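Visitor: Below is the file entry11.cif, with mmCIF, N, CA and C atoms.
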```
data_data
#
loop_
_atom_site.label_atom_id
_atom_site.label_comp_id
_atom_site.auth_asym_id
_atom_site.auth_seq_id
_atom_site.Cartn_x
_atom_site.Cartn_y
_atom_site.Cartn_z
N MET A 1 1.45 -27.26 25.41
CA MET A 1 0.51 -27.92 24.52
C MET A 1 -0.88 -27.29 24.66
N THR A 2 -1.55 -27.15 23.54
CA THR A 2 -2.89 -26.59 23.51
C THR A 2 -3.91 -27.72 23.45
N THR A 3 -4.93 -27.61 24.25
CA THR A 3 -6.05 -28.54 24.19
C THR A 3 -7.28 -27.74 23.81
N ILE A 4 -7.94 -28.18 22.76
CA ILE A 4 -9.18 -27.56 22.32
C ILE A 4 -10.30 -28.53 22.64
N LYS A 5 -11.32 -28.04 23.28
CA LYS A 5 -12.47 -28.88 23.62
C LYS A 5 -13.73 -28.29 23.00
N LYS A 6 -14.46 -29.11 22.29
CA LYS A 6 -15.74 -28.74 21.69
C LYS A 6 -16.78 -29.72 22.20
N THR A 7 -18.01 -29.28 22.33
CA THR A 7 -19.03 -30.17 22.87
C THR A 7 -20.22 -30.32 21.92
N ALA A 8 -20.85 -31.45 22.07
CA ALA A 8 -22.12 -31.73 21.41
C ALA A 8 -22.92 -32.55 22.41
N SER A 9 -24.22 -32.50 22.28
CA SER A 9 -25.06 -33.26 23.21
C SER A 9 -26.26 -33.83 22.47
N SER A 10 -26.83 -34.85 23.08
CA SER A 10 -28.04 -35.43 22.51
C SER A 10 -29.00 -35.79 23.62
N THR A 11 -30.25 -35.86 23.26
CA THR A 11 -31.33 -36.26 24.16
C THR A 11 -32.13 -37.34 23.44
N TRP A 12 -32.55 -38.35 24.15
CA TRP A 12 -33.33 -39.45 23.57
C TRP A 12 -34.49 -39.78 24.49
N SER A 13 -35.64 -40.07 23.91
CA SER A 13 -36.81 -40.52 24.67
C SER A 13 -37.49 -41.65 23.91
N GLY A 14 -37.81 -42.73 24.61
CA GLY A 14 -38.57 -43.81 24.00
C GLY A 14 -37.72 -45.01 23.64
N ASP A 15 -38.37 -45.97 22.98
CA ASP A 15 -37.67 -47.18 22.57
C ASP A 15 -36.90 -46.94 21.26
N ILE A 16 -36.18 -47.94 20.81
CA ILE A 16 -35.29 -47.78 19.64
C ILE A 16 -36.07 -47.50 18.35
N LYS A 17 -37.21 -48.14 18.16
CA LYS A 17 -37.94 -47.99 16.89
C LYS A 17 -38.81 -46.74 16.83
N THR A 18 -39.49 -46.40 17.91
CA THR A 18 -40.41 -45.27 17.86
C THR A 18 -39.91 -44.06 18.64
N GLY A 19 -38.80 -44.23 19.35
CA GLY A 19 -38.25 -43.12 20.12
C GLY A 19 -37.71 -42.03 19.21
N LYS A 20 -37.49 -40.89 19.81
CA LYS A 20 -36.97 -39.74 19.06
C LYS A 20 -35.89 -39.08 19.89
N GLY A 21 -34.97 -38.45 19.19
CA GLY A 21 -33.91 -37.73 19.87
C GLY A 21 -33.61 -36.43 19.18
N SER A 22 -32.72 -35.66 19.80
CA SER A 22 -32.24 -34.44 19.18
C SER A 22 -30.77 -34.26 19.50
N ILE A 23 -30.08 -33.59 18.59
CA ILE A 23 -28.64 -33.36 18.68
C ILE A 23 -28.41 -31.86 18.67
N SER A 24 -27.53 -31.39 19.55
CA SER A 24 -27.16 -29.98 19.58
C SER A 24 -25.64 -29.86 19.67
N THR A 25 -25.10 -28.77 19.15
CA THR A 25 -23.67 -28.53 19.22
C THR A 25 -23.40 -27.22 19.93
N GLN A 26 -22.22 -27.13 20.50
CA GLN A 26 -21.80 -25.94 21.23
C GLN A 26 -21.92 -24.68 20.40
N SER A 27 -21.57 -24.77 19.13
CA SER A 27 -21.60 -23.59 18.26
C SER A 27 -23.02 -23.15 17.90
N GLY A 28 -23.96 -24.05 18.05
CA GLY A 28 -25.32 -23.77 17.64
C GLY A 28 -25.60 -24.15 16.19
N ALA A 29 -24.60 -24.68 15.50
CA ALA A 29 -24.81 -25.12 14.12
C ALA A 29 -25.91 -26.17 14.06
N LEU A 30 -25.96 -27.02 15.07
CA LEU A 30 -27.08 -27.94 15.25
C LEU A 30 -27.75 -27.55 16.55
N ASP A 31 -29.04 -27.30 16.49
CA ASP A 31 -29.78 -26.93 17.69
C ASP A 31 -31.05 -27.77 17.74
N LYS A 32 -30.98 -28.82 18.54
CA LYS A 32 -32.10 -29.76 18.68
C LYS A 32 -32.49 -30.36 17.34
N GLN A 33 -31.47 -30.71 16.54
CA GLN A 33 -31.70 -31.38 15.24
C GLN A 33 -32.26 -32.77 15.51
N PRO A 34 -33.43 -33.11 14.95
CA PRO A 34 -34.03 -34.40 15.24
C PRO A 34 -33.26 -35.57 14.62
N TYR A 35 -33.30 -36.69 15.35
CA TYR A 35 -32.79 -37.95 14.82
C TYR A 35 -33.56 -39.09 15.47
N GLY A 36 -33.54 -40.23 14.80
CA GLY A 36 -34.23 -41.40 15.32
C GLY A 36 -33.98 -42.59 14.42
N PHE A 37 -34.62 -43.69 14.74
CA PHE A 37 -34.50 -44.90 13.94
C PHE A 37 -34.83 -44.61 12.48
N ASN A 38 -35.90 -43.83 12.28
CA ASN A 38 -36.35 -43.54 10.91
C ASN A 38 -35.35 -42.67 10.14
N THR A 39 -34.63 -41.78 10.80
CA THR A 39 -33.64 -40.96 10.09
C THR A 39 -32.34 -41.71 9.87
N ARG A 40 -32.13 -42.74 10.66
CA ARG A 40 -30.89 -43.52 10.54
C ARG A 40 -31.03 -44.70 9.59
N PHE A 41 -32.17 -45.36 9.62
CA PHE A 41 -32.33 -46.59 8.87
C PHE A 41 -33.39 -46.53 7.77
N GLU A 42 -34.21 -45.47 7.74
CA GLU A 42 -35.31 -45.41 6.79
C GLU A 42 -35.30 -44.16 5.92
N ASP A 43 -34.20 -43.42 5.91
CA ASP A 43 -34.03 -42.23 5.06
C ASP A 43 -35.08 -41.15 5.27
N GLU A 44 -35.61 -41.04 6.47
CA GLU A 44 -36.53 -39.95 6.78
C GLU A 44 -35.74 -38.67 7.03
N ALA A 45 -36.41 -37.53 6.99
CA ALA A 45 -35.76 -36.24 7.24
C ALA A 45 -35.24 -36.18 8.66
N GLY A 46 -34.07 -35.60 8.83
CA GLY A 46 -33.41 -35.49 10.12
C GLY A 46 -31.99 -35.98 9.99
N SER A 47 -31.27 -35.95 11.06
CA SER A 47 -29.87 -36.32 11.02
C SER A 47 -29.66 -37.74 11.54
N ASN A 48 -28.41 -38.17 11.56
CA ASN A 48 -28.05 -39.46 12.12
C ASN A 48 -26.55 -39.45 12.42
N PRO A 49 -26.09 -40.32 13.30
CA PRO A 49 -24.68 -40.31 13.67
C PRO A 49 -23.72 -40.50 12.50
N GLU A 50 -24.08 -41.33 11.53
CA GLU A 50 -23.16 -41.59 10.43
C GLU A 50 -22.92 -40.36 9.57
N GLU A 51 -23.97 -39.59 9.27
CA GLU A 51 -23.75 -38.40 8.46
C GLU A 51 -22.97 -37.34 9.24
N LEU A 52 -23.12 -37.32 10.56
CA LEU A 52 -22.34 -36.38 11.37
C LEU A 52 -20.87 -36.76 11.37
N VAL A 53 -20.57 -38.06 11.45
CA VAL A 53 -19.18 -38.52 11.34
C VAL A 53 -18.63 -38.17 9.96
N GLY A 54 -19.45 -38.38 8.92
CA GLY A 54 -19.03 -38.04 7.56
C GLY A 54 -18.75 -36.55 7.41
N ALA A 55 -19.61 -35.73 7.99
CA ALA A 55 -19.39 -34.28 7.92
C ALA A 55 -18.10 -33.89 8.63
N ALA A 56 -17.89 -34.46 9.80
CA ALA A 56 -16.67 -34.16 10.55
C ALA A 56 -15.43 -34.62 9.79
N HIS A 57 -15.49 -35.82 9.23
CA HIS A 57 -14.32 -36.36 8.53
C HIS A 57 -14.02 -35.57 7.26
N SER A 58 -15.04 -35.24 6.49
CA SER A 58 -14.79 -34.50 5.24
C SER A 58 -14.25 -33.09 5.54
N ALA A 59 -14.78 -32.44 6.56
CA ALA A 59 -14.31 -31.10 6.92
C ALA A 59 -12.88 -31.15 7.43
N CYS A 60 -12.58 -32.12 8.27
CA CYS A 60 -11.24 -32.26 8.81
C CYS A 60 -10.24 -32.56 7.70
N PHE A 61 -10.60 -33.47 6.79
CA PHE A 61 -9.71 -33.81 5.69
C PHE A 61 -9.41 -32.58 4.83
N SER A 62 -10.44 -31.81 4.48
CA SER A 62 -10.24 -30.63 3.65
C SER A 62 -9.30 -29.63 4.32
N MET A 63 -9.49 -29.41 5.61
CA MET A 63 -8.62 -28.47 6.33
C MET A 63 -7.19 -29.01 6.42
N ALA A 64 -7.05 -30.30 6.72
CA ALA A 64 -5.72 -30.90 6.84
C ALA A 64 -5.00 -30.90 5.49
N LEU A 65 -5.74 -31.12 4.41
CA LEU A 65 -5.13 -31.07 3.08
C LEU A 65 -4.68 -29.65 2.76
N SER A 66 -5.46 -28.67 3.14
CA SER A 66 -5.07 -27.27 2.95
C SER A 66 -3.76 -26.98 3.67
N LEU A 67 -3.61 -27.50 4.88
CA LEU A 67 -2.37 -27.33 5.63
C LEU A 67 -1.20 -28.02 4.93
N ALA A 68 -1.40 -29.26 4.50
CA ALA A 68 -0.33 -30.01 3.81
C ALA A 68 0.07 -29.31 2.52
N LEU A 69 -0.92 -28.81 1.79
CA LEU A 69 -0.62 -28.07 0.56
C LEU A 69 0.18 -26.80 0.87
N GLY A 70 -0.22 -26.07 1.88
CA GLY A 70 0.48 -24.85 2.27
C GLY A 70 1.92 -25.14 2.67
N ASP A 71 2.12 -26.23 3.42
CA ASP A 71 3.48 -26.61 3.81
C ASP A 71 4.34 -26.95 2.60
N ALA A 72 3.70 -27.40 1.52
CA ALA A 72 4.41 -27.75 0.28
C ALA A 72 4.48 -26.57 -0.69
N GLY A 73 3.95 -25.41 -0.29
CA GLY A 73 4.04 -24.22 -1.12
C GLY A 73 2.87 -24.00 -2.07
N PHE A 74 1.74 -24.64 -1.81
CA PHE A 74 0.58 -24.52 -2.69
C PHE A 74 -0.62 -24.00 -1.91
N THR A 75 -1.54 -23.36 -2.64
CA THR A 75 -2.81 -22.94 -2.08
C THR A 75 -3.90 -23.43 -3.01
N ALA A 76 -4.87 -24.12 -2.45
CA ALA A 76 -5.97 -24.65 -3.28
C ALA A 76 -6.94 -23.54 -3.63
N ASP A 77 -7.38 -23.52 -4.88
CA ASP A 77 -8.49 -22.66 -5.27
C ASP A 77 -9.78 -23.20 -4.65
N LYS A 78 -9.87 -24.55 -4.60
CA LYS A 78 -11.08 -25.18 -4.07
C LYS A 78 -10.76 -26.62 -3.72
N ILE A 79 -11.28 -27.07 -2.59
CA ILE A 79 -11.21 -28.48 -2.19
C ILE A 79 -12.62 -28.90 -1.83
N ASP A 80 -13.14 -29.90 -2.53
CA ASP A 80 -14.45 -30.49 -2.23
C ASP A 80 -14.21 -31.91 -1.75
N THR A 81 -14.66 -32.23 -0.55
CA THR A 81 -14.47 -33.58 -0.01
C THR A 81 -15.83 -34.14 0.39
N LYS A 82 -16.07 -35.36 -0.03
CA LYS A 82 -17.28 -36.10 0.35
C LYS A 82 -16.84 -37.34 1.11
N ALA A 83 -17.48 -37.61 2.24
CA ALA A 83 -17.20 -38.82 3.01
C ALA A 83 -18.48 -39.67 3.04
N THR A 84 -18.38 -40.87 2.54
CA THR A 84 -19.49 -41.81 2.57
C THR A 84 -19.22 -42.84 3.66
N VAL A 85 -20.05 -42.83 4.69
CA VAL A 85 -19.87 -43.70 5.85
C VAL A 85 -20.77 -44.91 5.69
N SER A 86 -20.17 -46.10 5.75
CA SER A 86 -20.92 -47.35 5.61
C SER A 86 -21.18 -47.96 6.97
N LEU A 87 -22.45 -48.11 7.32
CA LEU A 87 -22.88 -48.77 8.54
C LEU A 87 -23.44 -50.13 8.13
N ASP A 88 -22.81 -51.19 8.59
CA ASP A 88 -23.21 -52.53 8.19
C ASP A 88 -23.60 -53.37 9.40
N GLU A 89 -24.56 -54.26 9.17
CA GLU A 89 -24.92 -55.22 10.20
C GLU A 89 -23.85 -56.31 10.21
N VAL A 90 -23.28 -56.54 11.37
CA VAL A 90 -22.24 -57.56 11.55
C VAL A 90 -22.71 -58.52 12.64
N ASP A 91 -21.88 -59.51 12.94
CA ASP A 91 -22.28 -60.56 13.89
C ASP A 91 -22.80 -60.03 15.21
N ASP A 92 -22.17 -59.01 15.75
CA ASP A 92 -22.55 -58.53 17.08
C ASP A 92 -23.34 -57.22 17.04
N GLY A 93 -24.02 -56.93 15.96
CA GLY A 93 -24.83 -55.72 15.84
C GLY A 93 -24.49 -54.94 14.59
N PHE A 94 -24.26 -53.65 14.76
CA PHE A 94 -23.90 -52.78 13.65
C PHE A 94 -22.53 -52.19 13.88
N SER A 95 -21.84 -51.90 12.78
CA SER A 95 -20.51 -51.31 12.87
C SER A 95 -20.26 -50.44 11.65
N VAL A 96 -19.55 -49.33 11.85
CA VAL A 96 -19.07 -48.54 10.72
C VAL A 96 -17.89 -49.31 10.16
N THR A 97 -18.06 -49.84 8.95
CA THR A 97 -17.05 -50.73 8.37
C THR A 97 -16.14 -50.04 7.36
N HIS A 98 -16.54 -48.86 6.88
CA HIS A 98 -15.75 -48.23 5.82
C HIS A 98 -16.16 -46.77 5.68
N ILE A 99 -15.19 -45.95 5.40
CA ILE A 99 -15.46 -44.56 5.02
C ILE A 99 -14.72 -44.31 3.71
N ALA A 100 -15.46 -43.90 2.70
CA ALA A 100 -14.89 -43.59 1.39
C ALA A 100 -14.78 -42.07 1.28
N LEU A 101 -13.56 -41.59 1.19
CA LEU A 101 -13.32 -40.17 0.97
C LEU A 101 -13.15 -39.92 -0.51
N GLU A 102 -13.88 -38.94 -1.03
CA GLU A 102 -13.73 -38.51 -2.41
C GLU A 102 -13.37 -37.03 -2.38
N VAL A 103 -12.20 -36.71 -2.89
CA VAL A 103 -11.78 -35.31 -2.88
C VAL A 103 -11.53 -34.86 -4.32
N LYS A 104 -12.01 -33.68 -4.61
CA LYS A 104 -11.78 -33.03 -5.90
C LYS A 104 -11.22 -31.66 -5.58
N ALA A 105 -10.10 -31.33 -6.19
CA ALA A 105 -9.45 -30.06 -5.86
C ALA A 105 -8.91 -29.37 -7.10
N ARG A 106 -8.93 -28.04 -7.03
CA ARG A 106 -8.28 -27.21 -8.05
C ARG A 106 -7.12 -26.50 -7.36
N ILE A 107 -5.91 -26.77 -7.87
CA ILE A 107 -4.70 -26.22 -7.28
C ILE A 107 -3.76 -25.86 -8.43
N ASP A 108 -3.36 -24.62 -8.50
CA ASP A 108 -2.46 -24.18 -9.57
C ASP A 108 -1.07 -24.77 -9.39
N ASP A 109 -0.46 -25.17 -10.50
CA ASP A 109 0.96 -25.52 -10.59
C ASP A 109 1.40 -26.76 -9.82
N ILE A 110 0.50 -27.58 -9.36
CA ILE A 110 0.89 -28.82 -8.69
C ILE A 110 0.79 -29.98 -9.67
N GLN A 111 1.71 -30.91 -9.57
CA GLN A 111 1.65 -32.12 -10.39
C GLN A 111 0.76 -33.15 -9.70
N ASN A 112 0.06 -33.95 -10.49
CA ASN A 112 -0.88 -34.92 -9.94
C ASN A 112 -0.19 -35.87 -8.96
N GLU A 113 1.03 -36.30 -9.27
CA GLU A 113 1.74 -37.23 -8.40
C GLU A 113 1.94 -36.63 -7.00
N GLN A 114 2.32 -35.36 -6.94
CA GLN A 114 2.51 -34.70 -5.66
C GLN A 114 1.17 -34.52 -4.94
N PHE A 115 0.14 -34.17 -5.69
CA PHE A 115 -1.20 -34.03 -5.12
C PHE A 115 -1.66 -35.34 -4.50
N GLN A 116 -1.49 -36.44 -5.23
CA GLN A 116 -1.91 -37.75 -4.72
C GLN A 116 -1.15 -38.10 -3.44
N ALA A 117 0.14 -37.83 -3.42
CA ALA A 117 0.97 -38.12 -2.23
C ALA A 117 0.50 -37.30 -1.03
N LEU A 118 0.20 -36.03 -1.26
CA LEU A 118 -0.28 -35.18 -0.17
C LEU A 118 -1.64 -35.64 0.33
N CYS A 119 -2.50 -36.10 -0.58
CA CYS A 119 -3.81 -36.62 -0.18
C CYS A 119 -3.66 -37.89 0.67
N GLU A 120 -2.78 -38.78 0.26
CA GLU A 120 -2.55 -40.02 1.03
C GLU A 120 -1.99 -39.69 2.41
N GLN A 121 -1.05 -38.76 2.46
CA GLN A 121 -0.48 -38.32 3.73
C GLN A 121 -1.57 -37.73 4.62
N THR A 122 -2.44 -36.93 4.04
CA THR A 122 -3.52 -36.28 4.79
C THR A 122 -4.53 -37.31 5.29
N LYS A 123 -4.81 -38.33 4.51
CA LYS A 123 -5.74 -39.37 4.95
C LYS A 123 -5.26 -40.00 6.25
N LYS A 124 -3.96 -40.14 6.40
CA LYS A 124 -3.39 -40.75 7.61
C LYS A 124 -3.24 -39.76 8.75
N SER A 125 -2.99 -38.48 8.43
CA SER A 125 -2.67 -37.51 9.48
C SER A 125 -3.85 -36.68 9.96
N CYS A 126 -4.94 -36.68 9.24
CA CYS A 126 -6.13 -35.93 9.64
C CYS A 126 -6.58 -36.41 11.02
N PRO A 127 -6.81 -35.51 11.98
CA PRO A 127 -7.20 -35.94 13.33
C PRO A 127 -8.43 -36.84 13.38
N ILE A 128 -9.40 -36.61 12.52
CA ILE A 128 -10.59 -37.47 12.54
C ILE A 128 -10.26 -38.85 11.96
N SER A 129 -9.39 -38.92 10.95
CA SER A 129 -8.95 -40.23 10.44
C SER A 129 -8.28 -41.02 11.56
N LYS A 130 -7.45 -40.35 12.35
CA LYS A 130 -6.76 -41.01 13.45
C LYS A 130 -7.74 -41.52 14.51
N LEU A 131 -8.84 -40.84 14.66
CA LEU A 131 -9.84 -41.20 15.65
C LEU A 131 -10.59 -42.48 15.27
N LEU A 132 -10.82 -42.66 14.00
CA LEU A 132 -11.71 -43.71 13.52
C LEU A 132 -10.99 -45.05 13.40
N ASN A 133 -11.65 -46.09 13.85
CA ASN A 133 -11.12 -47.44 13.77
C ASN A 133 -11.87 -48.21 12.68
N THR A 134 -11.65 -47.77 11.44
CA THR A 134 -12.32 -48.40 10.31
C THR A 134 -11.46 -48.23 9.07
N GLU A 135 -11.77 -48.96 8.04
CA GLU A 135 -11.07 -48.81 6.76
C GLU A 135 -11.46 -47.48 6.13
N ILE A 136 -10.45 -46.77 5.63
CA ILE A 136 -10.70 -45.50 4.95
C ILE A 136 -10.09 -45.60 3.56
N SER A 137 -10.92 -45.41 2.54
CA SER A 137 -10.42 -45.38 1.17
C SER A 137 -10.43 -43.94 0.67
N LEU A 138 -9.66 -43.69 -0.37
CA LEU A 138 -9.51 -42.34 -0.89
C LEU A 138 -9.51 -42.36 -2.41
N ASP A 139 -10.31 -41.48 -2.99
CA ASP A 139 -10.33 -41.24 -4.43
C ASP A 139 -10.10 -39.75 -4.61
N ALA A 140 -8.91 -39.38 -5.07
CA ALA A 140 -8.55 -37.96 -5.19
C ALA A 140 -8.41 -37.58 -6.66
N THR A 141 -9.06 -36.48 -7.04
CA THR A 141 -9.04 -36.00 -8.41
C THR A 141 -8.55 -34.56 -8.42
N LEU A 142 -7.53 -34.32 -9.20
CA LEU A 142 -7.02 -32.97 -9.40
C LEU A 142 -7.72 -32.41 -10.63
N GLN A 143 -8.46 -31.34 -10.45
CA GLN A 143 -9.25 -30.76 -11.54
C GLN A 143 -8.48 -29.63 -12.19
N SER A 144 -8.76 -29.41 -13.45
CA SER A 144 -8.17 -28.27 -14.18
C SER A 144 -8.86 -26.98 -13.78
N ALA A 145 -8.13 -25.91 -13.84
CA ALA A 145 -8.72 -24.59 -13.57
C ALA A 145 -9.71 -24.29 -14.68
N PHE A 146 -10.79 -23.64 -14.33
CA PHE A 146 -11.83 -23.33 -15.33
C PHE A 146 -11.63 -21.95 -15.87
#
```
Represent the structure of the file as structure tokens.
Guide:
Amino acid sequence: MTTIKKTASSTWSGDIKTGKGSISTQSGALDKQPYGFNTRFEDEAGSNPEELVGAAHSACFSMALSLALGDAGFTADKIDTKATVSLDEVDDGFSVTHIALEVKARIDDIQNEQFQALCEQTKKSCPISKLLNTEISLDATLQSAF
């Protein structure tokens, strides 16, 4: 069995409202990217945990769908996936309550019914979907070739 390990790290200083932090990844794709209360709750410039989860989920879904399509004999011309992560205030604080996946794909010679089935299968089998303990919805659109 193969184990792949990737790392990310964060640093935080200060209290919750005025404190500031930074996020870095092993690859360097994020290098001391700022985050804080204002980037998470007030739409200020910088990153936040929810958009990072959304980025990870959308990327994982697109790759997993590509694999499922390949196993079924198809190759996508293009797969665009958007993940909208909902952070809601609940009784005991905040919780990610829902992730809405929206996928739009161009794939030659596939029927919509088969595409929808592969998307549903991928929603369940994507490693990031398996990681998350929240409701995941899916809106999949098969686009015509241009």
Visitor: Determine the nearest neighbour of Thr122 of chain A from the options A:Leu52, A:Ala64, A:Ile79, A:Ile4, counting only N, CA and C atoms.
Guide: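 Of all the options, A:Ala64 lies closest to Thr122 of chain A.
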Visitor: What are the DSSP helix (DSSP H, G or I) residues of segment 5-43 of chain A, as a list in words?
Guide: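 Of segment 5-43 of chain A, the ones in helix (DSSP H, G or I) are Phe37, Asn38, Thr39, Arg40 and Phe41 of chain A.
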Visitor: Which protein, DNA or RNA residues have an atom at most 7 Å from (-3.2, -33.0, -8.4), counting only N, CA and C atoms? List them as a ChimeraX atom specification.
Guide: /A:105,107,110-116,141-143
Visitor: Find the spatial neighbours of Ser129 of chain A, counting all atoms listed in the file, within a cut-off of 8 Å - ignore same-chain residues fewer than 6 positions away - and output them as a list in words.
Guide: Ala56, His57, Cys60, Phe61, Thr122, Lys123 and Ile136 of chain A
Visitor: Return the single residue from A:Val103, A:Glu50, A:Ile23, A:Lys124 that is closest to Ser86 of chain A, with distances computed using only N, CA and C atoms.
Guide: A:Glu50
Visitor: Ranking A:Leu69, A:Val90, A:Ala45, A:Ile16 by minimum distance to Cys119 of chain A and counting all atoms listed in the file, which one comes first?
Guide: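 With all atoms listed in the file as the atom set, the closest residue is A:Leu69.
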Visitor: Given the file shown, enumerate the residues that the PyMOL selection byres ((chain A and resi 135) around 7) captures and present them as a list in words.
Guide: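 Matching residues under the PyMOL selection byres ((chain A and resi 135) around 7) are Val96, Thr97, His98, Ile99, Ala100, Leu132, Asn133, Thr134, Ile136 and Ser137 of chain A.
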Visitor: Using N, CA, C and O atoms, give me segment 33-50 of chain A from the structure I just pasted, as a short mmCIF file (atom, residue, chain, number, x, y, z; two decimals), in the first residue's frame.
Guide:
```cif
data_model
loop_
_atom_site.label_atom_id
_atom_site.label_comp_id
_atom_site.auth_asym_id
_atom_site.auth_seq_id
_atom_site.Cartn_x
_atom_site.Cartn_y
_atom_site.Cartn_z
N GLN A 33 0.25 32.92 3.25
CA GLN A 33 -1.00 33.56 2.81
C GLN A 33 -1.76 34.04 4.04
O GLN A 33 -2.03 33.26 4.94
N PRO A 34 -2.10 35.34 4.12
CA PRO A 34 -2.75 35.85 5.32
C PRO A 34 -4.19 35.35 5.47
O PRO A 34 -4.89 35.11 4.48
N TYR A 35 -4.58 35.18 6.74
CA TYR A 35 -5.97 34.89 7.07
C TYR A 35 -6.25 35.45 8.45
O TYR A 35 -5.34 35.70 9.23
N GLY A 36 -7.53 35.67 8.71
CA GLY A 36 -7.93 36.19 10.01
C GLY A 36 -9.44 36.26 10.10
O GLY A 36 -10.16 35.84 9.19
N PHE A 37 -9.92 36.81 11.19
CA PHE A 37 -11.36 36.97 11.38
C PHE A 37 -11.96 37.75 10.21
O PHE A 37 -13.00 37.38 9.68
N ASN A 38 -11.26 38.80 9.79
CA ASN A 38 -11.78 39.66 8.73
C ASN A 38 -11.83 38.93 7.38
O ASN A 38 -12.71 39.19 6.57
N THR A 39 -10.92 38.02 7.10
CA THR A 39 -10.96 37.29 5.83
C THR A 39 -11.96 36.14 5.87
O THR A 39 -12.41 35.68 4.83
N ARG A 40 -12.30 35.72 7.07
CA ARG A 40 -13.24 34.60 7.22
C ARG A 40 -14.68 35.07 7.34
O ARG A 40 -15.58 34.45 6.79
N PHE A 41 -14.90 36.15 8.05
CA PHE A 41 -16.26 36.58 8.35
C PHE A 41 -16.64 37.93 7.76
O PHE A 41 -17.80 38.30 7.78
N GLU A 42 -15.68 38.69 7.23
CA GLU A 42 -15.97 40.03 6.75
C GLU A 42 -15.56 40.27 5.30
O GLU A 42 -15.48 41.40 4.85
N ASP A 43 -15.27 39.21 4.56
CA ASP A 43 -14.93 39.28 3.13
C ASP A 43 -13.75 40.19 2.81
O ASP A 43 -13.69 40.79 1.74
N GLU A 44 -12.80 40.30 3.71
CA GLU A 44 -11.58 41.05 3.43
C GLU A 44 -10.64 40.18 2.59
O GLU A 44 -10.79 38.96 2.52
N ALA A 45 -9.65 40.81 1.96
CA ALA A 45 -8.68 40.08 1.15
C ALA A 45 -7.87 39.13 2.02
O ALA A 45 -7.51 39.45 3.14
N GLY A 46 -7.60 37.96 1.50
CA GLY A 46 -6.87 36.92 2.21
C GLY A 46 -7.64 35.62 2.11
O GLY A 46 -8.71 35.56 1.50
N SER A 47 -7.13 34.61 2.70
CA SER A 47 -7.75 33.29 2.61
C SER A 47 -8.54 32.97 3.86
O SER A 47 -8.63 33.77 4.79
N ASN A 48 -9.14 31.79 3.88
CA ASN A 48 -9.85 31.30 5.05
C ASN A 48 -9.99 29.78 4.93
O ASN A 48 -9.88 29.24 3.82
N PRO A 49 -10.22 29.09 6.03
CA PRO A 49 -10.30 27.64 5.98
C PRO A 49 -11.38 27.10 5.04
O PRO A 49 -11.18 26.09 4.35
N GLU A 50 -12.52 27.78 4.97
CA GLU A 50 -13.61 27.26 4.14
C GLU A 50 -13.26 27.28 2.66
O GLU A 50 -13.57 26.34 1.93
#
```
